[in-house]
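Engineer: Enclosed is the structure file run02.cif (mmCIF, N, CA and C atoms).
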```cif
data_input
#
loop_
_atom_site.label_atom_id
_atom_site.label_comp_id
_atom_site.auth_asym_id
_atom_site.auth_seq_id
_atom_site.Cartn_x
_atom_site.Cartn_y
_atom_site.Cartn_z
N MET P 11 -68.85 -102.62 -31.90
CA MET P 11 -69.02 -102.63 -33.35
C MET P 11 -67.66 -102.50 -34.02
N PHE P 12 -67.48 -103.15 -35.12
CA PHE P 12 -66.17 -103.20 -35.75
C PHE P 12 -65.78 -101.88 -36.38
N GLY P 13 -66.61 -101.32 -37.26
CA GLY P 13 -66.45 -99.94 -37.70
C GLY P 13 -65.52 -99.62 -38.85
N LEU P 14 -65.24 -100.52 -39.77
CA LEU P 14 -64.40 -100.18 -40.92
C LEU P 14 -65.20 -99.72 -42.13
N PHE P 15 -66.52 -99.85 -42.08
CA PHE P 15 -67.31 -99.77 -43.29
C PHE P 15 -68.04 -98.44 -43.43
N PHE P 16 -67.35 -97.49 -44.00
CA PHE P 16 -67.96 -96.19 -44.21
C PHE P 16 -67.75 -95.78 -45.65
N GLY P 17 -68.73 -95.10 -46.21
CA GLY P 17 -68.59 -94.56 -47.55
C GLY P 17 -68.50 -95.58 -48.67
N ILE P 18 -68.93 -96.80 -48.43
CA ILE P 18 -68.89 -97.83 -49.46
C ILE P 18 -70.19 -97.78 -50.24
N LYS P 19 -70.09 -97.61 -51.54
CA LYS P 19 -71.27 -97.51 -52.37
C LYS P 19 -71.67 -98.84 -52.98
N SER P 20 -70.80 -99.86 -52.92
CA SER P 20 -71.08 -101.15 -53.53
C SER P 20 -72.20 -101.90 -52.82
N TYR P 21 -72.34 -101.70 -51.53
CA TYR P 21 -73.32 -102.42 -50.74
C TYR P 21 -74.16 -101.43 -49.97
N SER P 22 -75.35 -101.87 -49.62
CA SER P 22 -76.26 -101.02 -48.87
C SER P 22 -75.79 -100.87 -47.43
N GLN P 23 -76.34 -99.87 -46.77
CA GLN P 23 -76.04 -99.66 -45.35
C GLN P 23 -76.46 -100.89 -44.55
N THR P 24 -77.56 -101.51 -44.93
CA THR P 24 -78.02 -102.72 -44.24
C THR P 24 -76.99 -103.83 -44.36
N GLN P 25 -76.42 -104.01 -45.55
CA GLN P 25 -75.39 -105.04 -45.73
C GLN P 25 -74.14 -104.72 -44.92
N ASN P 26 -73.78 -103.44 -44.87
CA ASN P 26 -72.62 -103.06 -44.05
C ASN P 26 -72.88 -103.37 -42.58
N GLN P 27 -74.11 -103.10 -42.12
CA GLN P 27 -74.46 -103.40 -40.73
C GLN P 27 -74.45 -104.91 -40.49
N LYS P 28 -74.96 -105.67 -41.46
CA LYS P 28 -74.93 -107.13 -41.34
C LYS P 28 -73.49 -107.64 -41.28
N LEU P 29 -72.62 -107.07 -42.09
CA LEU P 29 -71.23 -107.48 -42.10
C LEU P 29 -70.56 -107.15 -40.76
N ASN P 30 -70.80 -105.97 -40.26
CA ASN P 30 -70.25 -105.60 -38.94
C ASN P 30 -70.73 -106.58 -37.87
N HIS P 31 -72.03 -106.86 -37.88
CA HIS P 31 -72.60 -107.77 -36.88
C HIS P 31 -71.98 -109.16 -37.02
N PHE P 32 -71.90 -109.65 -38.25
CA PHE P 32 -71.33 -110.97 -38.51
C PHE P 32 -69.89 -111.05 -38.00
N MET P 33 -69.11 -110.04 -38.31
CA MET P 33 -67.71 -110.03 -37.89
C MET P 33 -67.60 -110.05 -36.37
N ASN P 34 -68.38 -109.22 -35.71
CA ASN P 34 -68.32 -109.18 -34.25
C ASN P 34 -68.75 -110.50 -33.62
N GLU P 35 -69.65 -111.20 -34.29
CA GLU P 35 -70.13 -112.49 -33.81
C GLU P 35 -69.10 -113.60 -33.99
N TRP P 36 -68.29 -113.54 -35.04
CA TRP P 36 -67.38 -114.62 -35.40
C TRP P 36 -65.92 -114.39 -35.01
N LEU P 37 -65.49 -113.15 -34.83
CA LEU P 37 -64.08 -112.89 -34.51
C LEU P 37 -63.65 -113.66 -33.27
N GLY P 38 -62.51 -114.33 -33.38
CA GLY P 38 -61.95 -115.06 -32.25
C GLY P 38 -62.43 -116.49 -32.12
N LEU P 39 -63.42 -116.89 -32.91
CA LEU P 39 -63.90 -118.27 -32.83
C LEU P 39 -62.86 -119.21 -33.45
N PRO P 40 -62.88 -120.47 -33.06
CA PRO P 40 -61.81 -121.39 -33.47
C PRO P 40 -61.86 -121.84 -34.93
N TYR P 41 -60.68 -122.14 -35.44
CA TYR P 41 -60.51 -122.75 -36.75
C TYR P 41 -60.56 -124.27 -36.59
N LYS P 42 -61.20 -124.94 -37.54
CA LYS P 42 -61.17 -126.40 -37.59
C LYS P 42 -61.26 -126.82 -39.04
N LEU P 43 -60.27 -127.55 -39.51
CA LEU P 43 -60.26 -128.03 -40.88
C LEU P 43 -61.53 -128.85 -41.14
N GLY P 44 -62.29 -128.46 -42.15
CA GLY P 44 -63.54 -129.13 -42.48
C GLY P 44 -64.72 -128.67 -41.65
N GLY P 45 -64.48 -127.84 -40.64
CA GLY P 45 -65.54 -127.37 -39.76
C GLY P 45 -66.44 -126.34 -40.43
N SER P 46 -67.68 -126.25 -39.95
CA SER P 46 -68.63 -125.30 -40.54
C SER P 46 -69.54 -124.66 -39.50
N THR P 47 -69.13 -124.72 -38.22
CA THR P 47 -69.95 -124.15 -37.16
C THR P 47 -69.10 -123.22 -36.29
N LYS P 48 -69.76 -122.58 -35.32
CA LYS P 48 -69.05 -121.69 -34.42
C LYS P 48 -68.10 -122.43 -33.48
N SER P 49 -68.24 -123.73 -33.39
CA SER P 49 -67.30 -124.49 -32.55
C SER P 49 -66.01 -124.79 -33.31
N GLY P 50 -65.99 -124.49 -34.61
CA GLY P 50 -64.80 -124.65 -35.43
C GLY P 50 -65.16 -124.59 -36.90
N ILE P 51 -64.44 -123.74 -37.64
CA ILE P 51 -64.77 -123.52 -39.06
C ILE P 51 -63.48 -123.33 -39.85
N ASP P 52 -63.49 -123.79 -41.09
CA ASP P 52 -62.31 -123.57 -41.94
C ASP P 52 -62.56 -122.37 -42.85
N CYS P 53 -61.54 -122.01 -43.63
CA CYS P 53 -61.61 -120.76 -44.39
C CYS P 53 -62.72 -120.75 -45.45
N SER P 54 -62.87 -121.83 -46.20
CA SER P 54 -63.89 -121.82 -47.26
C SER P 54 -65.29 -121.86 -46.67
N ASN P 55 -65.50 -122.65 -45.63
CA ASN P 55 -66.82 -122.67 -44.98
C ASN P 55 -67.14 -121.34 -44.31
N PHE P 56 -66.12 -120.64 -43.82
CA PHE P 56 -66.34 -119.32 -43.25
C PHE P 56 -66.83 -118.35 -44.32
N VAL P 57 -66.20 -118.38 -45.49
CA VAL P 57 -66.61 -117.51 -46.60
C VAL P 57 -68.04 -117.84 -47.03
N ILE P 58 -68.35 -119.12 -47.13
CA ILE P 58 -69.69 -119.56 -47.51
C ILE P 58 -70.72 -119.05 -46.51
N ARG P 59 -70.42 -119.17 -45.23
CA ARG P 59 -71.34 -118.72 -44.18
C ARG P 59 -71.51 -117.20 -44.22
N LEU P 60 -70.42 -116.47 -44.39
CA LEU P 60 -70.48 -115.01 -44.46
C LEU P 60 -71.36 -114.58 -45.63
N TYR P 61 -71.16 -115.17 -46.79
CA TYR P 61 -71.96 -114.80 -47.97
C TYR P 61 -73.45 -115.09 -47.76
N LYS P 62 -73.76 -116.19 -47.10
CA LYS P 62 -75.16 -116.52 -46.84
C LYS P 62 -75.78 -115.53 -45.85
N ASP P 63 -75.09 -115.28 -44.75
CA ASP P 63 -75.63 -114.44 -43.68
C ASP P 63 -75.64 -112.95 -44.02
N VAL P 64 -74.63 -112.49 -44.75
CA VAL P 64 -74.50 -111.05 -45.01
C VAL P 64 -75.10 -110.65 -46.36
N PHE P 65 -74.82 -111.42 -47.39
CA PHE P 65 -75.21 -111.04 -48.75
C PHE P 65 -76.36 -111.87 -49.31
N ASP P 66 -76.91 -112.77 -48.50
CA ASP P 66 -78.02 -113.64 -48.92
C ASP P 66 -77.70 -114.39 -50.21
N MET P 67 -76.46 -114.82 -50.34
CA MET P 67 -76.02 -115.59 -51.51
C MET P 67 -75.63 -116.99 -51.06
N ASN P 68 -76.11 -117.98 -51.79
CA ASN P 68 -75.72 -119.36 -51.53
C ASN P 68 -74.59 -119.74 -52.46
N ILE P 69 -73.39 -119.81 -51.92
CA ILE P 69 -72.23 -120.24 -52.69
C ILE P 69 -71.73 -121.54 -52.07
N THR P 70 -71.00 -122.31 -52.82
CA THR P 70 -70.49 -123.57 -52.31
C THR P 70 -69.08 -123.80 -52.83
N GLY P 71 -68.40 -124.73 -52.19
CA GLY P 71 -67.12 -125.18 -52.72
C GLY P 71 -65.94 -124.93 -51.82
N THR P 72 -64.88 -125.60 -52.17
CA THR P 72 -63.59 -125.41 -51.53
C THR P 72 -62.96 -124.13 -52.09
N CYS P 73 -61.81 -123.77 -51.56
CA CYS P 73 -61.11 -122.57 -52.06
C CYS P 73 -60.91 -122.62 -53.56
N TYR P 74 -60.46 -123.76 -54.05
CA TYR P 74 -60.20 -123.91 -55.47
C TYR P 74 -61.47 -123.70 -56.30
N LYS P 75 -62.58 -124.25 -55.84
CA LYS P 75 -63.85 -124.08 -56.56
C LYS P 75 -64.33 -122.63 -56.48
N LEU P 76 -64.15 -122.00 -55.33
CA LEU P 76 -64.51 -120.59 -55.20
C LEU P 76 -63.68 -119.75 -56.16
N TRP P 77 -62.39 -120.06 -56.26
CA TRP P 77 -61.50 -119.38 -57.20
C TRP P 77 -62.04 -119.51 -58.62
N ASN P 78 -62.41 -120.72 -59.01
CA ASN P 78 -62.90 -120.97 -60.37
C ASN P 78 -64.27 -120.35 -60.65
N ASN P 79 -65.05 -120.08 -59.60
CA ASN P 79 -66.39 -119.52 -59.79
C ASN P 79 -66.46 -118.01 -59.66
N THR P 80 -65.32 -117.36 -59.47
CA THR P 80 -65.30 -115.90 -59.37
C THR P 80 -64.54 -115.31 -60.55
N ASN P 81 -64.86 -114.06 -60.84
CA ASN P 81 -64.14 -113.32 -61.88
C ASN P 81 -62.91 -112.68 -61.25
N ARG P 82 -61.76 -112.80 -61.92
CA ARG P 82 -60.51 -112.20 -61.41
C ARG P 82 -60.61 -110.69 -61.40
N ILE P 83 -60.10 -110.09 -60.36
CA ILE P 83 -60.01 -108.63 -60.26
C ILE P 83 -58.62 -108.27 -59.74
N VAL P 84 -58.19 -107.07 -60.07
CA VAL P 84 -56.86 -106.64 -59.63
C VAL P 84 -56.93 -106.10 -58.21
N LEU P 85 -55.81 -106.20 -57.54
CA LEU P 85 -55.71 -105.83 -56.13
C LEU P 85 -56.19 -104.42 -55.84
N ASP P 86 -55.87 -103.47 -56.70
CA ASP P 86 -56.26 -102.09 -56.40
C ASP P 86 -57.71 -101.79 -56.77
N SER P 87 -58.47 -102.81 -57.18
CA SER P 87 -59.90 -102.64 -57.48
C SER P 87 -60.80 -103.38 -56.51
N LEU P 88 -60.24 -103.82 -55.38
CA LEU P 88 -61.03 -104.59 -54.43
C LEU P 88 -62.18 -103.78 -53.83
N HIS P 89 -63.32 -104.46 -53.69
CA HIS P 89 -64.49 -103.91 -53.00
C HIS P 89 -64.80 -104.80 -51.81
N ILE P 90 -65.49 -104.25 -50.85
CA ILE P 90 -65.93 -105.04 -49.71
C ILE P 90 -66.73 -106.23 -50.23
N GLY P 91 -66.40 -107.39 -49.72
CA GLY P 91 -67.09 -108.61 -50.13
C GLY P 91 -66.33 -109.43 -51.15
N ASP P 92 -65.32 -108.85 -51.79
CA ASP P 92 -64.52 -109.62 -52.74
C ASP P 92 -63.73 -110.69 -51.99
N LEU P 93 -63.45 -111.78 -52.67
CA LEU P 93 -62.66 -112.84 -52.07
C LEU P 93 -61.19 -112.63 -52.38
N VAL P 94 -60.34 -112.86 -51.39
CA VAL P 94 -58.90 -112.78 -51.59
C VAL P 94 -58.33 -114.17 -51.34
N PHE P 95 -57.49 -114.62 -52.27
CA PHE P 95 -56.96 -115.97 -52.26
C PHE P 95 -55.44 -115.96 -52.07
N PHE P 96 -54.98 -117.03 -51.41
CA PHE P 96 -53.56 -117.15 -51.10
C PHE P 96 -53.10 -118.57 -51.35
N ASN P 97 -51.84 -118.71 -51.73
CA ASN P 97 -51.19 -120.02 -51.72
C ASN P 97 -50.82 -120.28 -50.26
N SER P 98 -51.19 -121.43 -49.76
CA SER P 98 -50.94 -121.71 -48.35
C SER P 98 -49.95 -122.86 -48.19
N PRO P 99 -48.80 -122.57 -47.59
CA PRO P 99 -47.82 -123.63 -47.37
C PRO P 99 -48.23 -124.60 -46.27
N VAL P 100 -49.25 -124.26 -45.48
CA VAL P 100 -49.64 -125.12 -44.36
C VAL P 100 -50.97 -125.84 -44.58
N SER P 101 -51.76 -125.41 -45.53
CA SER P 101 -53.06 -126.04 -45.79
C SER P 101 -52.87 -127.32 -46.61
N PRO P 102 -53.63 -128.37 -46.28
CA PRO P 102 -53.53 -129.60 -47.08
C PRO P 102 -53.87 -129.37 -48.56
N SER P 103 -54.75 -128.41 -48.84
CA SER P 103 -55.13 -128.13 -50.23
C SER P 103 -54.16 -127.19 -50.93
N GLY P 104 -53.35 -126.47 -50.14
CA GLY P 104 -52.45 -125.47 -50.71
C GLY P 104 -53.11 -124.14 -50.96
N TRP P 105 -54.37 -123.98 -50.53
CA TRP P 105 -55.15 -122.76 -50.76
C TRP P 105 -55.61 -122.14 -49.45
N HIS P 106 -55.89 -120.85 -49.50
CA HIS P 106 -56.53 -120.14 -48.38
C HIS P 106 -57.37 -119.02 -48.97
N VAL P 107 -58.50 -118.69 -48.32
CA VAL P 107 -59.38 -117.64 -48.82
C VAL P 107 -59.92 -116.82 -47.65
N GLY P 108 -60.15 -115.53 -47.93
CA GLY P 108 -60.77 -114.63 -46.97
C GLY P 108 -61.67 -113.65 -47.72
N VAL P 109 -62.33 -112.78 -46.97
CA VAL P 109 -63.25 -111.80 -47.54
C VAL P 109 -62.71 -110.40 -47.25
N TYR P 110 -62.56 -109.62 -48.31
CA TYR P 110 -62.06 -108.26 -48.18
C TYR P 110 -63.09 -107.40 -47.46
N ILE P 111 -62.63 -106.60 -46.49
CA ILE P 111 -63.54 -105.78 -45.69
C ILE P 111 -63.21 -104.29 -45.76
N GLY P 112 -62.33 -103.91 -46.66
CA GLY P 112 -61.97 -102.50 -46.81
C GLY P 112 -60.67 -102.18 -46.10
N ASP P 113 -60.12 -101.02 -46.42
CA ASP P 113 -58.91 -100.52 -45.77
C ASP P 113 -57.76 -101.53 -45.82
N ASN P 114 -57.67 -102.27 -46.93
CA ASN P 114 -56.60 -103.25 -47.16
C ASN P 114 -56.63 -104.41 -46.17
N GLN P 115 -57.82 -104.68 -45.59
CA GLN P 115 -57.94 -105.75 -44.60
C GLN P 115 -58.94 -106.80 -45.08
N PHE P 116 -58.81 -108.00 -44.53
CA PHE P 116 -59.74 -109.08 -44.83
C PHE P 116 -59.99 -109.91 -43.59
N ILE P 117 -61.16 -110.54 -43.55
CA ILE P 117 -61.51 -111.42 -42.44
C ILE P 117 -61.44 -112.85 -42.96
N HIS P 118 -60.96 -113.75 -42.09
CA HIS P 118 -60.80 -115.13 -42.51
C HIS P 118 -60.66 -116.04 -41.30
N ALA P 119 -60.91 -117.33 -41.54
CA ALA P 119 -60.61 -118.35 -40.55
C ALA P 119 -59.16 -118.74 -40.81
N ALA P 120 -58.27 -118.17 -40.03
CA ALA P 120 -56.84 -118.20 -40.34
C ALA P 120 -56.18 -119.57 -40.13
N ASN P 121 -56.18 -120.04 -38.90
CA ASN P 121 -55.50 -121.29 -38.55
C ASN P 121 -55.88 -121.68 -37.13
N LYS P 122 -55.37 -122.84 -36.67
CA LYS P 122 -55.73 -123.34 -35.34
C LYS P 122 -55.32 -122.40 -34.22
N MET P 123 -54.22 -121.69 -34.39
CA MET P 123 -53.74 -120.81 -33.33
C MET P 123 -54.51 -119.50 -33.26
N ALA P 124 -54.91 -118.96 -34.43
CA ALA P 124 -55.52 -117.63 -34.47
C ALA P 124 -57.04 -117.66 -34.60
N GLY P 125 -57.60 -118.70 -35.18
CA GLY P 125 -59.04 -118.76 -35.40
C GLY P 125 -59.49 -117.70 -36.41
N VAL P 126 -60.71 -117.23 -36.23
CA VAL P 126 -61.26 -116.21 -37.13
C VAL P 126 -60.68 -114.86 -36.72
N LYS P 127 -60.10 -114.17 -37.69
CA LYS P 127 -59.44 -112.91 -37.38
C LYS P 127 -59.43 -111.99 -38.59
N VAL P 128 -59.06 -110.76 -38.35
CA VAL P 128 -58.85 -109.77 -39.41
C VAL P 128 -57.35 -109.64 -39.61
N SER P 129 -56.94 -109.65 -40.88
CA SER P 129 -55.53 -109.49 -41.22
C SER P 129 -55.40 -108.41 -42.28
N SER P 130 -54.19 -107.92 -42.44
CA SER P 130 -53.90 -106.91 -43.45
C SER P 130 -53.24 -107.56 -44.66
N LEU P 131 -53.63 -107.11 -45.83
CA LEU P 131 -52.96 -107.56 -47.05
C LEU P 131 -51.52 -107.07 -47.10
N ASN P 132 -51.17 -106.12 -46.24
CA ASN P 132 -49.80 -105.60 -46.19
C ASN P 132 -48.87 -106.46 -45.35
N GLU P 133 -49.43 -107.41 -44.57
CA GLU P 133 -48.57 -108.28 -43.77
C GLU P 133 -47.68 -109.09 -44.71
N LEU P 134 -46.44 -109.24 -44.34
CA LEU P 134 -45.46 -109.91 -45.20
C LEU P 134 -45.93 -111.30 -45.65
N PHE P 135 -46.46 -112.10 -44.74
CA PHE P 135 -46.92 -113.45 -45.09
C PHE P 135 -47.96 -113.39 -46.20
N TYR P 136 -48.95 -112.49 -46.07
CA TYR P 136 -50.02 -112.43 -47.06
C TYR P 136 -49.56 -111.79 -48.37
N LYS P 137 -48.64 -110.85 -48.28
CA LYS P 137 -48.05 -110.29 -49.51
C LYS P 137 -47.31 -111.38 -50.29
N LYS P 138 -46.55 -112.18 -49.56
CA LYS P 138 -45.73 -113.22 -50.19
C LYS P 138 -46.58 -114.32 -50.82
N HIS P 139 -47.71 -114.64 -50.20
CA HIS P 139 -48.52 -115.78 -50.64
C HIS P 139 -49.79 -115.38 -51.39
N TYR P 140 -49.96 -114.08 -51.67
CA TYR P 140 -51.16 -113.61 -52.38
C TYR P 140 -51.26 -114.25 -53.75
N LYS P 141 -52.40 -114.83 -54.06
CA LYS P 141 -52.63 -115.48 -55.35
C LYS P 141 -53.47 -114.60 -56.28
N GLY P 142 -54.47 -113.93 -55.70
CA GLY P 142 -55.36 -113.09 -56.50
C GLY P 142 -56.67 -112.86 -55.79
N ALA P 143 -57.57 -112.17 -56.47
CA ALA P 143 -58.86 -111.85 -55.89
C ALA P 143 -59.97 -112.20 -56.88
N GLY P 144 -61.15 -112.44 -56.32
CA GLY P 144 -62.28 -112.79 -57.17
C GLY P 144 -63.56 -112.13 -56.70
N ARG P 145 -64.47 -111.96 -57.64
CA ARG P 145 -65.77 -111.33 -57.36
C ARG P 145 -66.85 -112.14 -58.05
N PHE P 146 -67.96 -112.32 -57.34
CA PHE P 146 -69.11 -113.02 -57.92
C PHE P 146 -69.92 -112.07 -58.77
#
```
Can the structure in the file be given as structure tokens, please?

Structural biologist:
Amino acid sequence: MFGLFFGIKSYSQTQNQKLNHFMNEWLGLPYKLGGSTKSGIDCSNFVIRLYKDVFDMNITGTCYKLWNNTNRIVLDSLHIGDLVFFNSPVSPSGWHVGVYIGDNQFIHAANKMAGVKVSSLNELFYKKHYKGAGRF
């Protein structure tokens, strides 16, 4: 079990358990641009799948559309489930998105080398390329 989700009042215990289960199921799986399955998934499709499986929400769109469909929030107000957006120097779209999971960390379909992983917002790359956060 992943185990970062304690004392969060924004979501129910059931949702926290679903998120833990989802993360354990997807961590380490491959990245594939345009992919939407466990054999390969990109960052926006990963977020869409997480929201459907964990929060029972049907969201759609690329990173840019997800950005436009969320309300901006400041970094120090992040809650589990908020989307974190980055300018990406390697993505064809120039965007990247992940889901905040608490403790200054987020889960995302990172790239071909790393696949689905947990990263820290404190990592230099993500600090440098942070664009903002959004909430539905």

Engineer: Going by DSSP on the backbone, which bits of region 20-79 of chain P are strand (DSSP E)? Write them as an MDAnalysis selection string, please.

Structural biologist: chainID P and resid 46:47 50:51

Engineer: Identify all residues satisfying the PyMOL selection byres ((chain P and resi 81-86) around 6.5) in the given file; provide them as a PyMOL selection string.

Structural biologist: chain P and resi 78-80+87-88+142-146

Engineer: Since I can't run it myself right now, could you work out what the PyMOL selection byres ((chain P and resi 131) around 6) selects here and report it as a PyMOL selection string?

Structural biologist: chain P and resi 114-116+129-130+132-133+136-137

Engineer: Find the residues near region 61-64 of chain P: any atom within 6.5 Å, counting only N, CA and C atoms, skip ones fewer than 4 places away on the same chain, and give them as a ChimeraX atom specification.

Structural biologist: /P:25,28-29,56-57,68-69

Engineer: As a PyMOL selection string, please: every residue in chain P that a backbone DSSP assignment puts in helix (DSSP H, G or I).

Structural biologist: chain P and resi 23-36+53-65+73-78+85-87+134-139

Engineer: Near Ile51 (chain P), counting only N, CA and C atoms, which residues have an atom at most 6.5 Å away, once you skip same-chain residues fewer than 5 positions from it, shown as a list in words?

Structural biologist: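 Using only N, CA and C atoms, the neighbours found are Leu39, Pro40, Tyr41, Lys42, Leu43, Gly44, Gly45, Ser46, Phe56 and Ala119 of chain P.
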